[in-house]
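A.B. asks: Coordinates in final_19.txt, compact mmCIF, C-alpha atoms, are listed below.
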```txt
# COMPACT_ATOMS: atom_id res chain seq x y z
CA MET A 1 0.00 0.00 0.00
CA ASN A 2 1.37 3.39 -0.94
CA LEU A 3 1.62 5.83 1.92
CA THR A 4 2.25 9.56 1.77
CA MET A 5 4.51 10.43 4.66
CA ARG A 6 5.89 13.91 5.30
CA ASN A 7 9.24 13.55 6.91
CA SER A 8 12.67 15.16 7.08
CA ALA A 9 14.95 14.97 4.08
CA THR A 10 17.41 13.26 6.34
CA MET A 11 15.22 10.13 6.18
CA ARG A 12 17.79 8.94 3.66
CA ASP A 13 20.28 8.57 6.47
CA SER A 14 20.71 4.88 7.27
CA ALA A 15 20.78 5.37 11.05
CA LEU A 16 17.46 7.16 11.08
CA MET A 17 15.88 4.70 8.65
CA ALA A 18 16.98 1.83 10.85
CA ALA A 19 15.42 3.43 13.91
CA VAL A 20 12.22 4.30 12.09
CA ALA A 21 12.01 0.77 10.75
CA ALA A 22 12.37 -0.59 14.27
CA TRP A 23 9.79 1.88 15.46
CA LEU A 24 7.25 1.14 12.76
CA SER A 25 7.73 -2.61 12.87
CA THR A 26 6.62 -2.80 16.51
CA VAL A 27 3.13 -3.64 15.36
CA GLY A 28 2.36 -6.23 17.97
CA ALA A 29 2.97 -3.84 20.87
CA LEU A 30 0.31 -1.42 19.66
CA ASN A 31 -2.12 -3.72 17.85
CA GLY A 32 -3.86 -4.39 21.15
CA MET A 33 -5.21 -0.84 21.15
CA PRO A 34 -8.88 -0.78 20.08
CA LEU A 35 -9.87 0.57 16.69
CA ALA A 36 -11.76 3.83 16.26
CA VAL A 37 -15.54 3.54 16.09
CA ASP A 38 -18.07 5.26 13.91
CA ALA A 39 -19.75 8.43 15.16
CA GLY A 40 -23.30 7.67 16.08
CA GLU A 41 -25.21 5.89 18.78
CA PRO A 42 -23.01 3.61 20.91
CA GLU A 43 -24.58 0.40 22.08
CA SER A 44 -25.45 0.39 25.76
CA ASP A 45 -23.71 -2.95 26.28
CA GLN A 46 -20.34 -1.72 25.04
CA ALA A 47 -17.47 -1.93 27.49
CA ALA A 48 -16.05 1.19 29.12
CA GLU A 49 -12.81 2.55 27.62
CA GLU A 50 -10.06 4.88 28.79
CA VAL A 51 -9.98 8.16 26.86
CA VAL A 52 -8.48 11.65 27.01
CA LEU A 53 -10.20 14.95 26.13
CA ARG A 54 -8.19 17.58 24.25
CA LEU A 55 -9.11 21.24 23.83
CA SER A 56 -8.55 23.25 20.64
CA ASP A 57 -5.41 24.89 22.13
CA GLY A 58 -3.76 21.48 22.69
CA ARG A 59 -4.28 21.18 26.45
CA PHE A 60 -5.92 18.13 28.01
CA LEU A 61 -8.73 18.17 30.57
CA GLN A 62 -7.68 16.92 33.99
CA THR A 63 -9.32 16.34 37.37
CA GLY A 64 -7.83 17.33 40.69
CA GLY A 65 -8.32 15.80 44.09
CA ASP A 66 -10.83 18.56 44.89
CA GLY A 67 -13.04 17.51 41.97
CA ALA A 68 -12.19 20.56 39.86
CA VAL A 69 -11.97 19.98 36.09
CA ARG A 70 -9.46 22.18 34.30
CA ALA A 71 -7.05 22.14 31.36
CA ASP A 72 -3.33 22.36 32.00
CA ARG A 73 -0.87 19.88 30.44
CA LEU A 74 -0.05 19.48 26.77
CA PHE A 75 0.32 15.71 27.22
CA PRO A 76 -1.91 13.26 29.13
CA THR A 77 -1.13 11.55 32.44
CA GLU A 78 -3.36 9.51 34.75
CA PHE A 79 -5.02 12.74 35.90
CA GLU A 80 -6.08 13.46 32.30
CA THR A 81 -7.46 9.95 31.78
CA PHE A 82 -11.21 9.28 31.94
CA GLU A 83 -13.31 6.15 31.71
CA LEU A 84 -15.91 6.56 28.96
CA LEU A 85 -19.11 4.54 29.35
CA PRO A 86 -21.10 4.33 26.08
CA LEU A 87 -24.85 4.62 26.65
CA ALA A 88 -27.85 4.46 24.31
CA GLU A 89 -28.95 7.24 21.96
CA SER A 90 -25.56 8.91 21.38
CA ARG A 91 -24.99 9.46 25.09
CA ILE A 92 -21.95 8.81 27.24
CA ALA A 93 -20.86 9.11 30.86
CA LEU A 94 -17.32 10.03 31.92
CA ARG A 95 -15.70 8.80 35.12
CA ALA A 96 -12.54 10.49 36.48
CA HIS A 97 -9.41 8.64 37.60
CA HIS A 98 -10.57 8.70 41.24
CA GLY A 99 -13.83 6.90 40.37
CA ARG A 100 -16.37 9.75 40.36
CA PHE A 101 -18.54 10.72 37.39
CA LEU A 102 -18.17 14.09 35.72
CA LEU A 103 -21.13 16.20 36.79
CA ALA A 104 -22.60 19.10 34.76
CA GLU A 105 -23.25 21.70 37.46
CA GLY A 106 -24.90 25.11 37.60
CA ARG A 107 -28.36 26.27 36.60
CA ASP A 108 -27.62 25.65 32.91
CA ALA A 109 -25.51 22.53 33.53
CA ASN A 110 -22.67 23.98 31.44
CA ARG A 111 -19.75 23.51 33.85
CA LEU A 112 -18.03 20.22 34.68
CA ARG A 113 -17.00 18.88 38.06
CA ALA A 114 -15.71 15.40 38.95
CA ASP A 115 -17.83 15.20 42.05
CA SER A 116 -20.64 12.69 41.53
CA PRO A 117 -20.51 9.58 43.73
CA ARG A 118 -23.46 7.94 41.93
CA ILE A 119 -23.19 4.36 40.74
CA VAL A 120 -25.66 4.94 37.89
CA PRO A 121 -25.40 8.38 36.18
CA ASP A 122 -28.48 10.60 36.09
CA ASP A 123 -29.26 13.50 33.71
CA ARG A 124 -26.40 15.72 34.88
CA GLU A 125 -23.87 12.87 34.59
CA THR A 126 -25.17 11.77 31.17
CA MET A 127 -23.69 13.66 28.21
CA VAL A 128 -25.32 13.88 24.81
CA VAL A 129 -22.67 13.81 22.06
CA HIS A 130 -22.89 16.25 19.11
CA PRO A 131 -20.28 15.22 16.47
CA LEU A 132 -18.65 18.13 14.62
CA GLU A 133 -15.85 18.12 12.05
CA ALA A 134 -13.22 15.38 12.14
CA ASN A 135 -12.82 14.00 15.67
CA ARG A 136 -14.19 17.07 17.46
CA VAL A 137 -17.45 16.94 19.43
CA ALA A 138 -19.60 19.11 21.67
CA LEU A 139 -21.31 17.77 24.78
CA ARG A 140 -24.36 18.78 26.77
CA ALA A 141 -26.06 17.24 29.77
CA ARG A 142 -29.19 15.25 28.99
CA ASN A 143 -32.37 17.37 29.11
CA PHE A 144 -30.35 20.62 29.23
CA ARG A 145 -29.97 23.12 26.39
CA GLU A 146 -26.52 24.66 26.95
CA PHE A 147 -23.33 23.09 25.65
CA ILE A 148 -20.72 22.33 28.30
CA ARG A 149 -17.92 24.88 28.53
CA PHE A 150 -14.41 23.44 28.66
CA ALA A 151 -12.47 26.71 28.38
CA ASP A 152 -13.22 30.38 29.00
CA GLU A 153 -13.38 32.58 25.92
CA ASP A 154 -12.98 36.33 25.59
CA SER A 155 -14.57 36.73 22.19
CA GLN A 156 -17.98 35.18 22.71
CA SER A 157 -19.88 33.75 25.63
CA PRO A 158 -22.26 30.80 25.29
CA ALA A 159 -25.20 33.08 26.09
CA ASP A 160 -24.44 35.05 22.89
CA SER A 161 -24.39 31.94 20.70
CA PRO A 162 -27.25 29.83 19.40
CA ALA A 163 -27.48 26.52 21.24
CA GLU A 164 -26.86 24.62 17.98
CA GLN A 165 -23.57 26.46 17.33
CA PRO A 166 -20.93 25.58 19.94
CA THR A 167 -17.94 27.88 20.25
CA PRO A 168 -14.34 26.52 20.19
CA GLY A 169 -14.31 26.61 24.00
CA GLN A 170 -17.31 24.27 24.01
CA THR A 171 -15.68 21.56 21.91
CA VAL A 172 -13.18 18.76 22.60
CA GLU A 173 -11.49 15.95 20.76
CA ILE A 174 -11.92 12.53 22.35
CA PHE A 175 -9.05 10.06 21.90
CA ARG A 176 -8.24 6.56 22.99
CA ALA A 177 -4.78 6.77 24.56
CA GLY A 178 -1.81 4.43 24.50
CA GLU A 179 1.95 4.74 24.98
CA VAL A 180 4.66 3.87 22.45
CA PRO A 181 6.86 1.13 23.99
CA PHE A 182 10.08 2.10 25.75
CA ALA A 183 12.27 0.12 23.34
CA VAL A 184 10.84 2.01 20.36
CA ARG A 185 11.29 5.38 22.08
CA SER A 186 14.90 4.51 22.94
CA ALA A 187 15.71 3.45 19.37
CA LEU A 188 14.25 6.64 17.96
CA ALA A 189 16.08 8.80 20.54
CA MET A 190 19.39 7.13 19.66
CA ALA A 191 18.81 7.77 15.95
CA ILE A 192 17.98 11.44 16.54
CA GLN A 193 21.01 11.77 18.81
CA GLY A 194 23.30 10.28 16.16
CA LEU A 195 21.95 12.55 13.43
CA ALA A 196 22.24 15.63 15.64
CA MET A 197 25.84 14.75 16.49
CA LYS A 198 26.63 14.33 12.79
CA GLU A 199 25.07 17.71 11.98
CA LEU A 200 26.69 19.65 14.84
CA GLU A 201 30.09 18.02 15.23
CA GLY A 202 32.80 20.31 13.86
CA GLU A 203 30.31 23.06 13.03
CA GLN A 204 30.82 26.49 14.64
CA TYR A 205 28.19 29.06 15.51
CA ASP A 206 29.62 32.49 14.73
CA LYS A 207 27.49 35.59 15.15
CA VAL A 208 28.14 39.31 15.58
CA ASP A 209 25.40 41.45 17.10
CA THR A 210 25.65 45.24 17.24
CA ARG A 211 23.37 47.29 19.45
CA LYS A 212 23.12 50.98 20.16
CA ARG A 213 22.47 51.98 23.75
CA VAL A 214 20.98 55.38 24.44
CA LYS A 215 20.02 56.67 27.88
CA TYR A 216 18.21 59.86 28.84
CA ILE A 217 17.51 61.72 32.06
CA GLU A 218 14.65 64.08 32.86
CA LEU A 219 15.75 67.33 34.54
CA PRO A 220 13.62 70.27 35.72
CA ALA A 221 13.31 73.11 33.19
CA PRO A 222 10.60 75.37 34.65
CA THR A 223 9.18 78.43 32.96
CA LEU A 224 6.76 81.08 34.20
CA ARG A 225 3.90 79.47 32.32
CA HIS A 226 4.94 75.89 33.08
CA PRO A 227 6.67 75.73 36.48
CA LYS A 228 6.68 71.90 36.42
CA ARG A 229 8.22 71.63 32.99
CA THR A 230 11.04 69.11 32.52
CA LYS A 231 13.49 68.56 29.71
CA ARG A 232 14.99 65.32 28.46
CA HIS A 233 18.77 65.17 28.23
CA ARG A 234 20.79 62.41 26.60
CA VAL A 235 23.49 61.24 28.99
CA LEU A 236 24.69 58.12 27.21
CA SER A 237 24.99 57.13 23.57
CA MET A 238 27.25 54.30 22.56
CA ALA A 239 27.45 51.29 20.29
CA GLU A 240 27.95 47.81 21.73
CA GLU A 241 29.22 44.82 19.80
CA TYR A 242 28.85 41.19 20.86
CA HIS A 243 30.79 38.50 19.03
CA LEU A 244 29.83 34.93 19.95
CA LYS A 245 31.55 31.76 18.77
CA ALA A 246 30.31 28.38 20.00
CA GLN A 247 30.52 24.71 19.09
CA LEU A 248 29.66 21.28 20.44
CA ASP A 249 31.88 20.13 23.31
CA GLY A 250 31.27 16.38 23.54
CA PRO A 251 28.33 14.04 22.96
CA LEU A 252 24.83 15.43 23.35
CA THR A 253 22.02 13.36 24.83
CA VAL A 254 18.43 12.97 23.64
CA GLN A 255 15.80 11.34 25.82
CA ILE A 256 12.17 10.79 24.77
CA SER A 257 10.56 10.50 28.19
CA ARG A 258 6.97 10.21 26.94
CA MET A 259 5.40 9.29 23.61
CA PRO A 260 1.62 8.90 23.91
CA TYR A 261 -0.25 7.72 20.84
CA LEU A 262 -3.84 8.93 20.58
CA LYS A 263 -6.49 7.51 18.24
CA GLY A 264 -9.71 9.27 17.35
CA TYR A 265 -12.73 7.90 19.19
CA TYR A 266 -15.37 9.32 16.85
CA GLN A 267 -13.40 9.71 13.62
CA ARG A 268 -11.86 6.92 11.59
CA GLY A 269 -8.35 7.58 10.39
CA THR A 270 -7.43 10.30 12.90
CA GLY A 271 -4.37 9.87 15.09
CA LEU A 272 -2.02 12.00 17.13
CA LEU A 273 1.51 11.10 18.17
CA LEU A 274 2.81 13.23 21.06
CA PHE A 275 6.40 13.40 22.25
CA VAL A 276 8.14 14.83 25.31
CA VAL A 277 11.86 15.25 24.56
CA GLU A 278 14.70 16.32 26.85
CA THR A 279 18.03 17.27 25.24
CA ARG A 280 21.36 18.20 26.82
CA VAL A 281 23.95 19.90 24.60
CA PRO A 282 27.47 20.61 25.99
CA VAL A 283 28.88 23.78 24.42
CA ARG A 284 32.20 25.59 24.49
CA GLY A 285 33.06 28.88 22.89
CA ARG A 286 34.20 32.43 23.27
CA VAL A 287 32.34 35.71 23.62
CA ARG A 288 33.82 39.16 22.98
CA TYR A 289 32.27 42.45 24.11
CA VAL A 290 33.42 45.69 22.47
CA ILE A 291 32.59 49.37 22.86
CA PRO A 292 34.45 50.79 19.85
CA GLY A 293 37.32 53.03 20.92
CA THR A 294 36.56 52.55 24.61
CA LEU A 295 36.49 48.97 25.88
CA SER A 296 37.18 45.43 24.73
CA ALA A 297 36.81 42.29 26.81
CA SER A 298 36.55 38.59 25.99
CA THR A 299 36.22 35.29 27.78
CA GLY A 300 36.01 31.63 26.94
CA PHE A 301 33.13 29.62 28.35
CA LEU A 302 31.83 26.11 28.93
CA THR A 303 28.15 25.42 29.55
CA THR A 304 25.31 22.97 28.94
CA VAL A 305 22.22 24.02 27.00
CA ARG A 306 19.07 22.18 28.05
CA LEU A 307 16.04 21.92 25.80
CA ASN A 308 12.71 20.52 26.99
CA MET A 309 10.15 20.15 24.22
CA VAL A 310 6.56 18.96 23.86
CA GLY A 311 5.38 18.36 20.32
CA GLU A 312 3.01 16.41 18.12
CA ILE A 313 2.62 14.72 14.76
CA ARG A 314 -0.91 14.38 13.40
CA ALA A 315 -1.89 11.42 11.22
CA GLU A 316 -4.79 11.50 8.76
CA LYS A 317 -5.82 8.55 6.58
CA SER A 318 -7.90 8.87 3.41
CA ASP A 319 -8.19 6.79 0.22
CA GLN A 320 -5.74 4.20 1.50
CA GLN A 321 -3.04 6.84 2.03
CA LEU A 322 -1.65 8.00 5.32
CA SER A 323 -0.39 11.57 5.70
CA LEU A 324 1.84 12.56 8.60
CA THR A 325 2.18 16.28 9.23
CA PRO A 326 5.58 17.78 10.08
CA PRO A 327 6.44 17.71 13.80
CA GLU A 328 5.01 20.75 15.55
CA LEU A 329 6.44 21.97 18.85
CA ARG A 330 3.73 23.02 21.26
CA GLN A 331 6.13 24.01 24.01
CA ILE A 332 9.87 24.59 24.26
CA GLN A 333 12.00 25.61 27.22
CA VAL A 334 15.65 26.55 26.73
CA GLU A 335 18.02 27.21 29.61
CA MET A 336 21.75 27.34 30.32
CA ARG A 337 23.29 25.43 33.23
CA GLY A 338 26.83 25.07 34.64
CA LEU A 339 28.33 28.21 33.09
CA ASP A 340 32.12 28.26 33.50
CA LEU A 341 34.10 31.35 32.39
CA SER A 342 37.84 31.52 31.74
CA ASN A 343 37.96 35.20 32.74
CA ASP A 344 38.59 35.12 36.49
CA VAL A 345 36.89 38.47 37.09
CA LEU A 346 33.72 37.48 35.24
CA HIS A 347 33.78 33.96 36.69
CA VAL A 348 33.08 35.42 40.14
CA VAL A 349 29.67 36.66 38.89
CA ARG A 350 28.92 33.67 36.62
CA ARG A 351 25.71 32.83 38.52
CA GLN A 352 24.33 36.31 37.93
CA ILE A 353 25.32 36.14 34.24
CA GLU A 354 23.66 32.73 33.91
CA ASP A 355 20.44 33.97 35.55
CA LEU A 356 20.40 36.99 33.25
CA ILE A 357 20.81 34.82 30.15
CA ASN A 358 18.08 32.41 31.28
CA ARG A 359 15.65 35.27 31.92
CA GLU A 360 16.24 36.47 28.37
CA LEU A 361 15.71 32.94 27.04
CA ARG A 362 12.42 32.58 28.93
CA LYS A 363 11.18 35.87 27.51
CA ASN A 364 11.93 34.61 24.02
CA ASN A 365 10.49 31.09 24.35
CA ASP A 366 7.56 31.86 22.03
CA ARG A 367 9.84 33.29 19.35
CA ILE A 368 12.22 30.34 19.67
CA ARG A 369 9.32 27.89 19.33
CA ARG A 370 7.92 29.74 16.30
CA GLU A 371 11.29 29.79 14.56
CA ALA A 372 11.87 26.11 15.37
CA ASN A 373 8.51 25.15 13.84
CA GLU A 374 9.27 27.19 10.73
CA ALA A 375 12.61 25.41 10.39
CA LEU A 376 10.92 22.00 10.81
CA ALA A 377 8.33 22.83 8.16
CA LYS A 378 11.01 23.91 5.67
CA ALA A 379 13.02 20.74 6.31
CA VAL A 380 10.09 18.48 5.43
CA GLU A 381 9.44 16.96 2.01
CA ALA A 382 6.79 14.50 0.81
CA GLN A 383 7.95 10.94 0.12
CA GLU A 384 6.17 7.91 -1.32
CA PHE A 385 7.21 4.57 0.08
CA ARG A 386 5.85 1.17 1.06
CA HIS A 387 5.78 0.24 4.71
CA PRO A 388 3.35 -1.44 7.16
CA LEU A 389 2.76 1.92 8.83
CA LEU A 390 -1.01 1.46 8.82
CA ASN A 391 -0.65 -1.60 11.01
CA PHE A 392 1.57 0.29 13.43
CA LEU A 393 -0.81 3.22 13.72
CA ASN A 394 -3.73 0.77 13.80
CA LEU A 395 -5.98 3.11 11.83
CA PRO A 396 -8.92 1.44 10.04
```
Let's see the structure in the file written out as C-alpha cells.
C.D. replies:
Amino acid sequence: MNLTMRNSATMRDSALMAAVAAWLSTVGALNGMPLAVDAGEPESDQAAEEVVLRLSDGRFLQTGGDGAVRADRLFPTEFETFELLPLAESRIALRAHHGRFLLAEGRDANRLRADSPRIVPDDRETMVVHPLEANRVALRARNFREFIRFADEDSQSPADSPAEQPTPGQTVEIFRAGEVPFAVRSALAMAIQGLAMKELEGEQYDKVDTRKRVKYIELPAPTLRHPKRTKRHRVLSMAEEYHLKAQLDGPLTVQISRMPYLKGYYQRGTGLLLFVVETRVPVRGRVRYVIPGTLSASTGFLTTVRLNMVGEIRAEKSDQQLSLTPPELRQIQVEMRGLDLSNDVLHVVRRQIEDLINRELRKNNDRIRREANEALAKAVEAQEFRHPLLNFLNLP
C-alpha cells in the first residue's frame, strides 16, 4: 500500500531509517489498542474505555483531588485519563481517575465537576454527544440546552451563541490513549542523537550582534507658564558589539521521556503522536564584548544548553493513504546550566550572568518555538514509500 509520509529529508540517512524501521515494525505492541468507532449511537452494552479529552489549544482536561476539572498539560497523564461509558442514543458518561462521574453543574448545567458519587449516572452525569468536524465533538447534559464549557473565551460567551452552534471553548477531541513502547522510544532517541551529532560536530556558531544603547535623564526646566516643565537630556549614547563563537563540546544526549499515541474515538483515520523530549547539549566557545574606541573584553566559556520540548505529529488517513504532518512543537524551554568562564573576574559573577541569560531565554520562548517550527516545516518533504505503517498506527 502506498503511503504519503511527510518527513525530514534526512530520512535517507541509514541510522534514522533503521530506527524508524524498528519503530514502525513494533506492530504487535500497539495492535492491542482498540480501533476507532463510527460516530453515532453507541450500544449500551459496550465496554467502558479509557480516553483523554483535548481542547482546541492542545491542552488536556484533567481532574484534581478537589473535583475541579481544568485544562493544563499538553500531554496526558493519569489525571487526564477518563473512563468513557457508552450509553444508548448517542450518550456517554465520563468517570474520572478517582472513580467519580463528571457532573454538569450550575443552573444551565454547562460547567463540569468530577464530584458525583453515583453508581448509575443521572441527567447531569449523562452527556449527549454532538459530532462536529473530524474527531471534534460538543457535549451537553441530557435534558439541558446549553453546551458544556471546557475553556473560558474572551470573544464570545455561550449566552451570545445559538445553542446549535458551539464555540471553540465548548468543543473537545476525544481520543483513545496508549503509549509507544520504551524500546521504540529509545531506538528513535538514539537515531535522533546520532543525526544531531553528525550535523553539529565540527560546526561552529559564529554571530556578531551590534546594538546601540541610548540613555536619557529628565531634569527640571521650569518656565513662568509651566513651572513643572522638565526637559529630556541624553546622557549616554554608545554602540555595543557582541561577538559569539560556539561549538559542540562532547556528545549530546536525547531522551524521549513520553510518547503517547492517541487515536480518534469518533473519527476513523485520525491519530495524534505526542512526544516529550529532553536534550542536553554541551557547548564551548568564546564571547567578545566591544565598545568601539573605549572597551574590549573577551572570555572563553563552557556550559550545557538544556532543551525541553513537547510536540506532536498528526496522522490522517484517506483513500488508503496515510499523511503525517511535520512535527510541531507546542512548548519549548531553553536554559543554560553550569556556566564556567575563563575570565577570572567574570567567573566570580557567573551565577548572575547565567540567571540573566536564562531570563532572556524565557522571555523569548515563544519566538524560539515559532522559529523552530518554521525550520521543521522547511526541512520536510513528501515521500512515497511502502511500509506497514497502517498496522503500526492501527488506523482502520
A.B. asks: Between atom CA of Lys245 of chain A and atom CA of Asp209 of chain A, what is the distance, to one decimal in Å?
C.D. replies: 11.6 Å
A.B. asks: Return the single residue from A:Leu273, A:Ala134, A:Ala183, A:Ala104 that is closest to Asp122 of chain A, with distances computed using only C-alpha atoms.
C.D. replies: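 The shortest atom-to-atom distance to Asp122 of chain A comes from A:Ala104.
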A.B. asks: Atom CA of Gln62 of chain A and atom CA of Ser90 of chain A are how many Å apart?
C.D. replies: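 So the two atoms, atom CA of Gln62 of chain A and atom CA of Ser90 of chain A, lie 23.3 Å apart.
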A.B. asks: Name the closest residue to Ala191 of chain A among the candidates A:Met127, A:Leu84, A:Ile256, A:Val235; distances are taken between atoms, counting only C-alpha atoms.
C.D. replies: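 Of the candidates, the smallest distance to Ala191 of chain A is held by A:Ile256.
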A.B. asks: Using all atoms listed in the file for the distances, tell me which of A:Gly169, A:Gly67, A:Pro86, A:Pro131 is nearest to Tyr266 of chain A.
C.D. replies: A:Pro131
A.B. asks: Which of these, A:Leu295, A:Leu307, A:Leu262, A:Ile192, has the shortest distance to Val51 of chain A once you count all atoms listed in the file?
C.D. replies: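 Of A:Leu295, A:Leu307, A:Leu262, A:Ile192, the one nearest Val51 of chain A is A:Leu262, counting all atoms listed in the file.
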A.B. asks: Rounded to one decimal in Å, what is the spacing between atom CA of Phe144 of chain A and atom CA of Arg111 of chain A?
C.D. replies: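 A separation of 11.9 Å between them.
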A.B. asks: Is it possible to get the residues within 10 Å of (-27.3, 11.3, 36.1) (coordinates as in the file, counting only C-alpha atoms) written as a PDB file with C-alpha atoms, keeping the file's coordinate frame?
C.D. replies:
```pdb
ATOM      1  CA  ALA A  93     -20.860   9.110  30.860  1.00  0.00           C
ATOM      2  CA  PHE A 101     -18.540  10.720  37.390  1.00  0.00           C
ATOM      3  CA  LEU A 102     -18.170  14.090  35.720  1.00  0.00           C
ATOM      4  CA  LEU A 103     -21.130  16.200  36.790  1.00  0.00           C
ATOM      5  CA  ALA A 104     -22.600  19.100  34.760  1.00  0.00           C
ATOM      6  CA  SER A 116     -20.640  12.690  41.530  1.00  0.00           C
ATOM      7  CA  ARG A 118     -23.460   7.940  41.930  1.00  0.00           C
ATOM      8  CA  ILE A 119     -23.190   4.360  40.740  1.00  0.00           C
ATOM      9  CA  VAL A 120     -25.660   4.940  37.890  1.00  0.00           C
ATOM     10  CA  PRO A 121     -25.400   8.380  36.180  1.00  0.00           C
ATOM     11  CA  ASP A 122     -28.480  10.600  36.090  1.00  0.00           C
ATOM     12  CA  ASP A 123     -29.260  13.500  33.710  1.00  0.00           C
ATOM     13  CA  ARG A 124     -26.400  15.720  34.880  1.00  0.00           C
ATOM     14  CA  GLU A 125     -23.870  12.870  34.590  1.00  0.00           C
ATOM     15  CA  THR A 126     -25.170  11.770  31.170  1.00  0.00           C
ATOM     16  CA  MET A 127     -23.690  13.660  28.210  1.00  0.00           C
ATOM     17  CA  ALA A 141     -26.060  17.240  29.770  1.00  0.00           C
ATOM     18  CA  ARG A 142     -29.190  15.250  28.990  1.00  0.00           C
TER      19      ARG A 142
END
```
A.B. asks: Since the input is missing atoms for segment 219-239 of chain A, could you rebuild it with N, CA and C atoms and give the result as a CSV table (one decimal), in the frame of the given file?
C.D. replies:
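Output (selection09.csv):
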```csv
chain,number,residue,atom,x,y,z
A,219,LEU,N,15.3,66.3,33.6
A,219,LEU,CA,15.8,67.3,34.5
A,219,LEU,C,14.7,68.5,34.5
A,220,PRO,N,14.6,69.1,35.7
A,220,PRO,CA,13.6,70.3,35.7
A,220,PRO,C,14.1,71.4,34.8
A,221,ALA,N,13.1,72.0,34.1
A,221,ALA,CA,13.3,73.1,33.2
A,221,ALA,C,12.1,74.0,33.3
A,222,PRO,N,11.8,74.6,34.4
A,222,PRO,CA,10.6,75.4,34.6
A,222,PRO,C,10.6,76.7,33.9
A,223,THR,N,9.4,77.1,33.5
A,223,THR,CA,9.2,78.4,33.0
A,223,THR,C,8.1,79.1,33.8
A,224,LEU,N,7.8,80.4,33.5
A,224,LEU,CA,6.8,81.1,34.2
A,224,LEU,C,5.4,80.5,33.9
A,225,ARG,N,5.2,80.1,32.7
A,225,ARG,CA,3.9,79.5,32.3
A,225,ARG,C,3.8,78.0,32.7
A,226,HIS,N,4.9,77.3,32.8
A,226,HIS,CA,4.9,75.9,33.1
A,226,HIS,C,6.0,75.6,34.1
A,227,PRO,N,5.7,75.9,35.4
A,227,PRO,CA,6.7,75.7,36.5
A,227,PRO,C,7.1,74.3,36.7
A,228,LYS,N,6.3,73.3,36.2
A,228,LYS,CA,6.7,71.9,36.4
A,228,LYS,C,7.3,71.3,35.2
A,229,ARG,N,7.7,72.1,34.2
A,229,ARG,CA,8.2,71.6,33.0
A,229,ARG,C,9.6,70.9,33.2
A,230,THR,N,9.8,69.8,32.5
A,230,THR,CA,11.0,69.1,32.5
A,230,THR,C,11.6,69.0,31.1
A,231,LYS,N,12.8,68.7,31.0
A,231,LYS,CA,13.5,68.6,29.7
A,231,LYS,C,14.3,67.3,29.7
A,232,ARG,N,14.3,66.6,28.6
A,232,ARG,CA,15.0,65.3,28.5
A,232,ARG,C,16.4,65.6,27.9
A,233,HIS,N,17.4,65.0,28.6
A,233,HIS,CA,18.8,65.2,28.2
A,233,HIS,C,19.4,63.8,28.0
A,234,ARG,N,20.1,63.7,26.9
A,234,ARG,CA,20.8,62.4,26.6
A,234,ARG,C,22.1,62.4,27.4
A,235,VAL,N,22.3,61.3,28.2
A,235,VAL,CA,23.5,61.2,29.0
A,235,VAL,C,24.4,60.1,28.5
A,236,LEU,N,23.9,59.2,27.7
A,236,LEU,CA,24.7,58.1,27.2
A,236,LEU,C,24.3,57.7,25.8
A,237,SER,N,25.2,57.6,24.9
A,237,SER,CA,25.0,57.1,23.6
A,237,SER,C,26.2,56.4,23.1
A,238,MET,N,26.1,55.1,23.0
A,238,MET,CA,27.2,54.3,22.6
A,238,MET,C,26.8,53.0,21.8
A,239,ALA,N,27.7,52.5,21.0
A,239,ALA,CA,27.4,51.3,20.3
A,239,ALA,C,28.1,50.1,21.0
```
